[in-house]
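Please read the structure below before turning to the comments.
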Amino acid sequence: MTSFLDIRDLEAQIEADEGTKPILKGLSLSVPKGEVHAIMGPNGSGKSTLSYVLAGREDYEVTGGSVVFKGEDLLALAPEERAALGVFLAFQAPVELPGVNNANFLRTAVNAIRKAREETELDAVAFLKLVREEMRHLSMSPEMLKRAVNVGFSGGEKKRNEVLQMRLLKPSLAILDETDSGLDIDALRIVAEGVNSLRGPEFSALVITHHQRLLDYIVPDKVHVMAMGRIIHSGGPEIALQLEKEGYKAFLEAAA
Amino acid sequence: MTERTSSLQDIFSGRGGNGASFLKENSLPTRKNEAWHYTSLRGLAKTIWQAAPALDQGRIDVWLARLALPPAQGVVVFANGRFVPSCSSLPEGVILQADLTPEDGVNTTSFSGMLNEALEQKGLELHVPDGQDAGLLVMLVLNEGEGVSTHLRHKISLGVKASLTILEVSVGRGRYLNNPVFEIECADRAHLTHVKQQNESLEAYHLAFVSAMIGKKAVYESFTLQQGGKIARHEVRTDLQNEQAIAHVNAIQVVSGQSHHDLTSFIHHIAPHCQSRQTVRTVMDQEGTGVFQGKILVDQKAQKTDGYQMNQALLLSDSAQMNSKPELEIYADDVRCSHGATVGALDEEQLFYLRSRGIAEAQARAMLIRAFLNESLELLGDQTIVRDYLLGSMNLHD
Amino acid sequence: MAATTETRKTVETLAHSTYEWGFETDIEMDIAPKGLDEGIVRLISSKKNEPQWMLDWRLKAFALWKTMEEPHWAKLRYPVIDYQDAHYFAQPRKKPGPKSLEEVDPELLRTYEKLGIPLHEQALLAGVEGAEQPRVPVAVDAVFDSVSVATTFRKTLQEAGVIFCPISEAIIEHPDLVQKYLGRVVPVGDNFFSALNSAVFTDGSFVYIPKGVRCPMELSTYFRINARNTGQFERTLIIAEEGAYVSYLEGCTAPQRDENQLHAAVVELVAMDDAAIKYSTVQNWYPGDENGKGGIYNFVTKRGLCQGERSRISWTQVETGSAITWKYPSCILAGRGSVGEFYSVAVTNKHQQADTGTKMIHLAPDTKSTIIAKTISAGKSDSTYRGLVRMQPKASNGRNFTQCDSLLIGDQCGAHTVPYIESRNMSARVEHEATTSKISEDQLFYCRSRGLSDEEAVGLIVNGFCREVLKELPMEFAVEAQKLLQISLEGSVG
C-alpha cells in the first residue's frame, strides 16, 4: 500500500524574467497518515515552491514526478478539489482580498468543502456560532469577521486567520509554510496549539520552517532537510537541534 | 414642445439658441473631437427621433410595482418626459422653484448639454431652503418607445446648510434617447448626495450631463451606477469655486453584451483648499466597452488643492475593452494631486487563495467581482438605504 | 512665504538661466534661398548626389506634406509657422581635408571646444588625417546645420562590422539597407512633421549593427543648429540585427537668437530577435530668453520597432531646451516577449512649453513596457506628459507600468498629465500612477539644516526626483545631464 502522501521525483519550474527556472529537482518524500513532518532548509531551497505545487498553484509547471494523496493523483486536481480532498495550505504571505468580507469568505469556504464532502451546509447562525467559538480559542477579536480578508491585518493576525481557516476546514493534510515567521512568542504558542489540537490519527502535516523554535511547540515525527530542490537528509526530531547548532553546512557537504 | 419628425440634425439647425449653432458647425461629435474620442454617436444620426408620446398610467404602475424603490421622504416620477403628479410627492419644506445663479454658458463644451438645451423639457426644479434637511428624494425617470427622445432639464438648488439626497433611477423599454441635464447649485455648507442608477433598456441611448456649482464648505457627492443602455454616457462637471468645497464623483460601470458605458468628468478647482475625490470602477464582460475620462483642472489660485482620482477596470472577456484617460492639468504649485489607473483581469493570486480554500473557480471569480464592486459602494458611507437599494439591484447582497 | 520665493529663485537660476551653448560660429556657408518648393527638394537631393529613388521618395513626401495640416492637439501655443520663411539647406563650405589641427577652420574647432567635445575628438571631427586612435570609447558624428561634418572611429567600427556614417553617405554606399528600412517605422505620411522631414532632410546618422555584434563603443551624434533662419531636419536610422546591441547618444545645442528656428527630426529604430537598442538624448536646444523670445521649435518623431522576439528598445531623454517641444519617442512591440522602455526628464522654465511622452503599442504576447516620466516646471513654462499605452487583442500577458511625476516650482507654471490607456486583451495588465507635488519646505529645511545652500538643496532634491531616469543614462551623458540640471552630486551612498 502506498503512503498517505507520496511524492516521487517531483520536478517543477517557474517562468521568470530571465527565462525558465527549475526549482524542484527530483524531490521525494512520504508522509504516513497521522504523522507530522517538518521540512527545514536554507533560503531558496524550494520549500515554498513545494507547498504551492502541492496546493495547485498554476504558475509552477510540474515537469516530472508524481504526487499521490489518499490514492489519488493530486497533480491532476484543481486547487479547490485538492482542498475538498483535505489539503490545506497555510500561506507564508496570506493574500489580501479587498472588499471580500472575512465572515462571508470563511462561510463560503466551509460550505464549499462541506458540500464536496457531502455534509450539510451550515446556515448563518450555526456558522457564526462555530466561528466565534474557534476564534476565542485563537484569541482573535470577533471584529475581524467584519473586515475584508487579511486587509489591514497585522502579520500575527494574518497567521491566526490562516490557522482559523485550517481549524474550520478540518484538513487531513495541512501544509504550514513558515507560519512562524513574524510571530511573537505568544502568537507562536497560540498557533502551535491550534495545530496540535488537530493532531490525531486522521491528521497529517508538513511544517515548513527556518527555525527550530516552532518545533519546540509542534514536535514533529520526522524532520527532512531540503536543499537545491531535493530532500537531502531525513531523520528524527533531533536533526532540527543539530541544524540549530551546526547549520546546514554538514548536510550540504554530505549531499554534494 | 413642438412635434419632431425630422432627424436630430435638422431640428438642431432649424431651431435657434446655442444648440443650433453648435451642431451646425460641428454636427455630431466624431473621434476627432477629443471629448468624444472613445464614444461614437454615429448610431444617433441614423434615427429620426420623435418627441415621446405620453405614457399610459398602466405602464407607469407596472414599473413602480417592478422596481423595489426604497422608502423615501419624496418621490417624483417622469414618464416619457412628462411629470406624473399622481405618482409624485415632494419632501416636506422643499420649494418647487430652483434658485440658481444665472449661468454663464457653462455647458458649451458638452454635446449632451447642448443637445438638451436645444430640445429642453422642463424637469424637476426645486430648492431646499437654508438649514433644511430634506432627506431622500427618489426620482424615477421612465422612457418607452421606438425612436423617441426626452430631454429633461432639472434644476436643483440647496440653500445654506441645506441637505438632500437624490436617488435618480432611469429605466425604460425600447430604443429611445434619454438626454437629461442637471443644473445643481450648493450654497455654503450645503450637502447634496446625488445617487444615480442608469439601468436603461439595452437598446437605448443615455446622454446625461450634470453641472454642479459648489459653495464654501459645501459638498457635492455623486455616485453613479451604470448598468444598462446601448450607449450610455454620464458626464459631470463640477466647479469648486469657493474655499473648502468638496466634490466626490464616484461611479461603477457594469458593462456586458454589446453595451458601451462612458463616465466623463471634469473637476475644476477654482478656489484654494478644495478637495475632490473620484473612484470609478468598471467591469466589462462579453463585448462590453468601458470608457473613463476624468480631468482635474487646478487653477493658479487654487493652492492647497487636494485632488485624487482612481480608475480601475476589470476585463472578464477577450472581446471586452477599456479605454481610460485620467488627466491632470495643474497651474498651482502647492497642491497634492494624483491619479491612478489599472486595467486587467482578476488577480490570479487572489483566485488561487480562494480556490485553495475549496471554493470552486466560478464562485471564486464571482466573489472577487462582487468584492471589487462592493468596495466602491462603501463610498456611499452612511447612506445605507440607498446603498442597500443599489446592492439589491446589482444582486450583490452576500 | 519667503522659503517658497527662494526656492523659486534658486530653480530659476538652476534651469539654465544663462544658456552656455548660445554662441554662434562664423563659418563660410552654402545656403539655399529661403522657401520650400519642389525645386528646393530637388536642390537638396542634387547637392547630396542622391540616386533617383531617393529623389522620388522625397518628392512623394513633399507632395503628401502639401496635403497635410500642422497638428494642433498638443498643449502648445506658438505663432503660426511660416514654412516659406526658412532656409532648408545650409552647409559649411567644403575645403580640402586639413592636415593638422592648425589648418582646421578655427571657428569650427572653437565650436566643438565650447560644446565640450574633447580636443582629441575635435581633431577627429575636423577630419585631421591619422588622428584616429582606438582608445577613446565614444565614436562621434557631428551634424552641423543638417550636414554631417565628421564621423570618428570609423575604422575601429568597421572592423567590428558596424556601419556608423552620415545617412547621406549611407544612401550612396548602402542603398539596399536604406531603401529597405527608411520610412518603415515612421512612414512618410505618419504626421505633418515626418512628411516634411522626409522631403527635406539633409543629414543625420546611419547605424547598422550586424547579427550577433555588440557595438564596441557608444555611438554619439552632436546636433548643432548654427546658421540663421535655418530649419534643421535630421534623419536617423538604426538597425540592430539578431542578437546585436548598440547604445546611441544624441546631444543638441543651438546659438542664442531672437527669432525661432525650426527643428523637425525623424529617428527610426529597428530591433530584430534578441537585439537591443539603447537611445539616449540630452536635448539642450536654445530655449529662448526670459521674455520668451527666440528658441528652437522642436517637432520630433522618434519611433522604434521591436520586430524580433525578445528585442528591446529603450529611450532615455533629458529635455531641458527648446522653446517648444513636441516629441513622443515610441515603441511598437511586434515581437513576442519584446520590451519597450521610456525614461524621461523634462525641465521647462521661463516661457518654454513641452508636450512630450511616449506610445507603447503592444501587438504581441508577453510584451512588456515601462514608462517613467519626470516633469519639472518652473518660471512661466508649461509641461505636459502625453502618453498612450495600447494592448491589442493579441497582446496576451502584456504588461505596462507607467509612473508620471510632476514637480511645480512657482505658481506661474503648469504641469499636466494626459495618459491614454487602451486595453483589448483580458490577460494584459496596465498600471498607471501619476502625482503632482512641489518641493516640500520640510525637505528643504532638512537639507539646509544639514548645511546645504538653498541651491544645493534644490539641486539635491531635484536630482533625487529624477534619479530613476538619470541612472538609465550612459556615464558620458549622465555627467552632462547633471551639469545641465546644475545639481550637485549625491553622496556616495545610493
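So you can find residues: chains in the C-alpha cells are A, B, ... in the order shown, residues in each start at 1, and ligands are numbered from 1 in order.
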Could you list the residues in chain A lying within 12 Å of chain C, using only C-alpha atoms, and format the result as a PDB file with C-alpha atoms, in the first residue's frame?
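Ended up saving to part37.pdb:
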ATOM      1  CA  GLU A  15       8.770  31.253 -15.781  1.00  0.00           C
ATOM      2  CA  ALA A  16      10.906  34.137 -14.611  1.00  0.00           C
ATOM      3  CA  ASP A  17      12.086  37.278 -16.363  1.00  0.00           C
ATOM      4  CA  GLU A  18      15.402  35.622 -17.116  1.00  0.00           C
ATOM      5  CA  GLY A  19      13.701  32.544 -18.558  1.00  0.00           C
TER       6      GLY A  19
END
Counting only C-alpha atoms, what are the residues of chain A within 10 Å of chain B, and for each of them which pair of atoms is the nearest and at what distance in Å, to one decimal? Sort the table by chain and rising number, as CSV.
residue,atom,partner,partner_atom,distance
A:Tyr52,CA,B:Ser356,CA,9.8
A:Ala55,CA,B:Ser356,CA,6.5
A:Gly56,CA,B:Ser356,CA,7.8
A:Arg57,CA,B:Phe352,CA,6.6
A:Glu58,CA,B:Phe352,CA,8.4
A:Asp59,CA,B:Glu348,CA,9.3
A:Ala78,CA,B:Arg355,CA,8.1
A:Pro79,CA,B:Ser356,CA,5.1
A:Glu80,CA,B:Gly358,CA,4.0
A:Glu81,CA,B:Gly358,CA,6.6
A:Arg82,CA,B:Ser356,CA,7.4
A:Ala83,CA,B:Gly358,CA,4.8
A:Ala84,CA,B:Gly358,CA,5.6
A:Leu85,CA,B:Gly358,CA,9.0
A:Gly86,CA,B:Gly358,CA,9.2
A:Val87,CA,B:Ser356,CA,8.2
A:Phe88,CA,B:Ser356,CA,7.0
A:Leu89,CA,B:Ser356,CA,7.1
A:Ala90,CA,B:Ser356,CA,9.5
A:Phe91,CA,B:Tyr353,CA,8.6
A:Pro94,CA,B:Tyr353,CA,8.0
A:Val95,CA,B:Gln350,CA,6.2
A:Glu96,CA,B:Gln350,CA,7.3
A:Leu97,CA,B:Gln350,CA,6.6
A:Pro98,CA,B:Ala371,CA,6.7
A:Gly99,CA,B:Ala371,CA,4.2
A:Val100,CA,B:Ala371,CA,5.0
A:Asn101,CA,B:Ala371,CA,8.0
A:Asn104,CA,B:Asp398,CA,7.1
A:Phe105,CA,B:Leu354,CA,8.3
A:Leu106,CA,B:Arg357,CA,8.7
A:Thr108,CA,B:Ile359,CA,7.1
A:Ala109,CA,B:Ile359,CA,5.6
A:Val110,CA,B:Gly358,CA,7.9
A:Asn111,CA,B:Ile359,CA,8.7
A:Ala112,CA,B:Ile359,CA,5.7
A:Ile113,CA,B:Gly358,CA,5.6
A:Arg114,CA,B:Gly358,CA,9.3
A:Lys115,CA,B:Gly358,CA,9.9
A:Ala116,CA,B:Gly358,CA,8.5
A:Ala148,CA,B:Ala371,CA,9.1
A:Gln165,CA,B:Arg357,CA,8.1
A:Met166,CA,B:Arg357,CA,9.0
A:Leu169,CA,B:Arg357,CA,7.8
- Message: Could you list, as a PyMOL selection string, every residue within 10 Å of A:Ile185, counting only C-alpha atoms and ignoring same-chain residues fewer than 6 positions away?
- Response: chain A and resi 191+213-214
Store the residues of this selection in a file with all heavy atoms, as a CSV table (one decimal), in the first residue's frame.
chain,number,residue,atom,x,y,z
A,191,VAL,N,-0.7,29.6,17.8
A,191,VAL,CA,-0.7,29.0,16.5
A,191,VAL,C,-0.4,27.5,16.7
A,191,VAL,O,-1.1,26.6,16.1
A,191,VAL,CB,0.2,29.7,15.5
A,191,VAL,CG1,0.5,28.8,14.3
A,191,VAL,CG2,-0.3,31.1,15.1
A,213,ARG,N,12.7,26.9,16.6
A,213,ARG,CA,11.7,27.4,17.6
A,213,ARG,C,10.3,26.8,17.5
A,213,ARG,O,9.7,26.4,18.5
A,213,ARG,CB,11.7,28.9,17.4
A,213,ARG,CG,11.1,29.7,18.6
A,213,ARG,CD,11.2,31.2,18.3
A,213,ARG,NE,10.3,31.6,17.2
A,213,ARG,CZ,9.8,32.8,17.1
A,213,ARG,NH1,10.0,33.7,18.0
A,213,ARG,NH2,9.0,33.1,16.1
A,214,LEU,N,9.8,26.8,16.3
A,214,LEU,CA,8.4,26.4,16.1
A,214,LEU,C,8.3,24.9,16.5
A,214,LEU,O,7.3,24.4,17.0
A,214,LEU,CB,8.0,26.5,14.7
A,214,LEU,CG,6.5,26.0,14.3
A,214,LEU,CD1,5.5,26.9,15.0
A,214,LEU,CD2,6.3,26.1,12.8
Find the spatial neighbours of C:His362, counting only C-alpha atoms, within a cut-off of 6 Å - ignore same-chain residues fewer than 6 positions away - and output them as a ChimeraX atom specification. /C:333,390-392,395
List the spatial neighbours of B:Phe223 as a ChimeraX atom specification - criterion: any atom at most 8 Å away, only C-alpha atoms, same-chain residues fewer than 2 positions off excluded. /B:193-196,221,225,248-252,380
Selected residues written out, all heavy atoms, as a compact mmCIF listing (two decimals), in the first residue's frame:
# COMPACT_ATOMS: atom_id res chain seq x y z
N THR B 193 -26.28 64.78 -1.94
CA THR B 193 -25.83 63.46 -2.38
C THR B 193 -26.66 63.08 -3.59
O THR B 193 -27.88 63.08 -3.53
CB THR B 193 -26.03 62.42 -1.25
OG1 THR B 193 -25.39 62.91 -0.08
CG2 THR B 193 -25.42 61.09 -1.64
N HIS B 194 -25.99 62.82 -4.67
CA HIS B 194 -26.70 62.53 -5.91
C HIS B 194 -26.33 61.12 -6.36
O HIS B 194 -25.26 60.88 -6.88
CB HIS B 194 -26.28 63.57 -6.97
CG HIS B 194 -26.98 63.40 -8.29
ND1 HIS B 194 -26.67 64.16 -9.39
CD2 HIS B 194 -27.97 62.57 -8.69
CE1 HIS B 194 -27.44 63.79 -10.41
NE2 HIS B 194 -28.23 62.83 -10.01
N VAL B 195 -27.25 60.20 -6.09
CA VAL B 195 -27.00 58.81 -6.46
C VAL B 195 -27.84 58.50 -7.68
O VAL B 195 -29.01 58.87 -7.75
CB VAL B 195 -27.37 57.86 -5.29
CG1 VAL B 195 -27.11 56.41 -5.69
CG2 VAL B 195 -26.58 58.23 -4.05
N LYS B 196 -27.22 57.83 -8.63
CA LYS B 196 -27.94 57.57 -9.87
C LYS B 196 -27.79 56.12 -10.28
O LYS B 196 -26.69 55.56 -10.23
CB LYS B 196 -27.37 58.48 -10.96
CG LYS B 196 -27.73 58.09 -12.38
CD LYS B 196 -27.23 59.13 -13.34
CE LYS B 196 -27.29 58.61 -14.76
NZ LYS B 196 -26.97 59.67 -15.72
N GLU B 221 -21.76 65.21 -3.58
CA GLU B 221 -21.29 63.84 -3.52
C GLU B 221 -22.09 63.04 -4.52
O GLU B 221 -23.30 62.88 -4.35
CB GLU B 221 -21.56 63.33 -2.10
CG GLU B 221 -20.75 62.15 -1.72
CD GLU B 221 -21.07 61.74 -0.27
OE1 GLU B 221 -21.45 62.59 0.55
OE2 GLU B 221 -20.96 60.54 -0.01
N LEU B 225 -24.24 54.53 -10.86
CA LEU B 225 -24.15 53.13 -11.26
C LEU B 225 -24.69 53.00 -12.68
O LEU B 225 -25.84 53.31 -12.93
CB LEU B 225 -24.98 52.25 -10.30
CG LEU B 225 -25.29 50.83 -10.79
CD1 LEU B 225 -24.03 50.00 -10.95
CD2 LEU B 225 -26.25 50.14 -9.82
N HIS B 248 -17.23 64.76 -4.75
CA HIS B 248 -16.93 63.34 -4.93
C HIS B 248 -17.66 62.87 -6.17
O HIS B 248 -18.87 63.02 -6.26
CB HIS B 248 -17.43 62.50 -3.75
CG HIS B 248 -16.69 62.76 -2.49
ND1 HIS B 248 -16.88 62.00 -1.35
CD2 HIS B 248 -15.76 63.69 -2.16
CE1 HIS B 248 -16.09 62.47 -0.38
NE2 HIS B 248 -15.41 63.48 -0.85
N VAL B 249 -16.92 62.35 -7.12
CA VAL B 249 -17.57 61.85 -8.33
C VAL B 249 -17.17 60.38 -8.47
O VAL B 249 -16.15 60.05 -9.04
CB VAL B 249 -17.14 62.66 -9.57
CG1 VAL B 249 -17.85 62.14 -10.82
CG2 VAL B 249 -17.46 64.14 -9.37
N ASN B 250 -17.99 59.53 -7.89
CA ASN B 250 -17.68 58.11 -7.89
C ASN B 250 -18.63 57.37 -8.82
O ASN B 250 -19.74 57.83 -9.05
CB ASN B 250 -17.81 57.53 -6.48
CG ASN B 250 -16.83 58.21 -5.52
OD1 ASN B 250 -15.68 58.46 -5.89
ND2 ASN B 250 -17.29 58.53 -4.33
N ALA B 251 -18.18 56.25 -9.30
CA ALA B 251 -19.06 55.51 -10.20
C ALA B 251 -18.67 54.04 -10.31
O ALA B 251 -17.52 53.67 -10.06
CB ALA B 251 -19.04 56.13 -11.60
N ILE B 252 -19.66 53.26 -10.67
CA ILE B 252 -19.46 51.86 -11.04
C ILE B 252 -20.08 51.68 -12.42
O ILE B 252 -21.18 52.16 -12.66
CB ILE B 252 -20.18 50.92 -10.05
CG1 ILE B 252 -19.49 50.91 -8.70
CG2 ILE B 252 -20.26 49.51 -10.62
CD1 ILE B 252 -20.22 50.03 -7.68
N LEU B 380 -20.42 55.14 -0.36
CA LEU B 380 -21.68 55.81 -0.05
C LEU B 380 -21.83 56.08 1.44
O LEU B 380 -22.82 56.68 1.87
CB LEU B 380 -22.86 54.98 -0.56
CG LEU B 380 -23.16 55.17 -2.04
CD1 LEU B 380 -24.13 54.12 -2.54
CD2 LEU B 380 -23.72 56.57 -2.30
Chain B residues near chain C (9 Å cut-off, only C-alpha atoms) as a PyMOL selection string
chain B and resi 34+295+300-301+303+314-346
Excluding same-chain residues fewer than 6 positions from A:Leu188, what lies within 10 Å of it counting only C-alpha atoms, as JSON, numbers by chain? {"A": [156, 159, 160, 179, 180, 181, 182, 194, 213, 214, 217]}
How would the residues just picked look written out with N, CA, C and O atoms as a PDB file, in the first residue's frame?
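out-v1.pdb, freshly written:
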ATOM      1  N   GLY A 156       0.696  38.955  12.649  1.00  0.00           N
ATOM      2  CA  GLY A 156       0.182  37.942  13.567  1.00  0.00           C
ATOM      3  C   GLY A 156      -1.280  37.631  13.296  1.00  0.00           C
ATOM      4  O   GLY A 156      -1.704  36.473  13.329  1.00  0.00           O
ATOM      5  N   LYS A 159      -1.646  35.361  10.289  1.00  0.00           N
ATOM      6  CA  LYS A 159      -1.295  33.967  10.557  1.00  0.00           C
ATOM      7  C   LYS A 159      -2.384  33.287  11.383  1.00  0.00           C
ATOM      8  O   LYS A 159      -2.722  32.130  11.164  1.00  0.00           O
ATOM      9  N   ARG A 160      -2.936  34.014  12.308  1.00  0.00           N
ATOM     10  CA  ARG A 160      -4.031  33.443  13.101  1.00  0.00           C
ATOM     11  C   ARG A 160      -5.237  33.182  12.224  1.00  0.00           C
ATOM     12  O   ARG A 160      -5.943  32.191  12.404  1.00  0.00           O
ATOM     13  N   THR A 179       4.756  29.377   8.866  1.00  0.00           N
ATOM     14  CA  THR A 179       3.693  30.012   9.637  1.00  0.00           C
ATOM     15  C   THR A 179       4.255  30.738  10.848  1.00  0.00           C
ATOM     16  O   THR A 179       3.625  31.645  11.389  1.00  0.00           O
ATOM     17  N   ASP A 180       5.461  30.386  11.247  1.00  0.00           N
ATOM     18  CA  ASP A 180       6.052  31.020  12.438  1.00  0.00           C
ATOM     19  C   ASP A 180       6.708  32.361  12.135  1.00  0.00           C
ATOM     20  O   ASP A 180       6.999  33.119  13.039  1.00  0.00           O
ATOM     21  N   SER A 181       6.918  32.663  10.829  1.00  0.00           N
ATOM     22  CA  SER A 181       7.673  33.896  10.555  1.00  0.00           C
ATOM     23  C   SER A 181       6.856  35.105  10.969  1.00  0.00           C
ATOM     24  O   SER A 181       5.654  35.171  10.734  1.00  0.00           O
ATOM     25  N   GLY A 182       7.508  36.031  11.619  1.00  0.00           N
ATOM     26  CA  GLY A 182       6.866  37.276  12.035  1.00  0.00           C
ATOM     27  C   GLY A 182       5.951  37.140  13.242  1.00  0.00           C
ATOM     28  O   GLY A 182       5.155  38.025  13.519  1.00  0.00           O
ATOM     29  N   GLY A 194      -3.149  25.613  18.033  1.00  0.00           N
ATOM     30  CA  GLY A 194      -4.170  25.415  17.005  1.00  0.00           C
ATOM     31  C   GLY A 194      -3.859  24.199  16.148  1.00  0.00           C
ATOM     32  O   GLY A 194      -4.752  23.430  15.776  1.00  0.00           O
ATOM     33  N   ARG A 213      12.661  26.858  16.630  1.00  0.00           N
ATOM     34  CA  ARG A 213      11.748  27.419  17.613  1.00  0.00           C
ATOM     35  C   ARG A 213      10.326  26.847  17.517  1.00  0.00           C
ATOM     36  O   ARG A 213       9.747  26.408  18.500  1.00  0.00           O
ATOM     37  N   LEU A 214       9.761  26.844  16.298  1.00  0.00           N
ATOM     38  CA  LEU A 214       8.397  26.353  16.118  1.00  0.00           C
ATOM     39  C   LEU A 214       8.302  24.879  16.512  1.00  0.00           C
ATOM     40  O   LEU A 214       7.293  24.444  17.050  1.00  0.00           O
ATOM     41  N   TYR A 217       7.314  23.671  19.848  1.00  0.00           N
ATOM     42  CA  TYR A 217       5.886  23.656  20.168  1.00  0.00           C
ATOM     43  C   TYR A 217       5.134  22.593  19.380  1.00  0.00           C
ATOM     44  O   TYR A 217       4.199  21.987  19.861  1.00  0.00           O
TER      45      TYR A 217
END
### Task
From the DSSP assignment of the backbone, select every residue of stretch 15-229 of chain B that is alpha helix (DSSP H), and format the answer as an NGL selection string.
:B and (17-26 or 42-45 or 57-66 or 111-118)
query = Leaving out A:Ser234 and any residue of its chain fewer than 2 positions from it, which residues lie within 7 Å of it when counting only C-alpha atoms, given as a list in words?
reply = Val223, His224 and Val225 of chain A
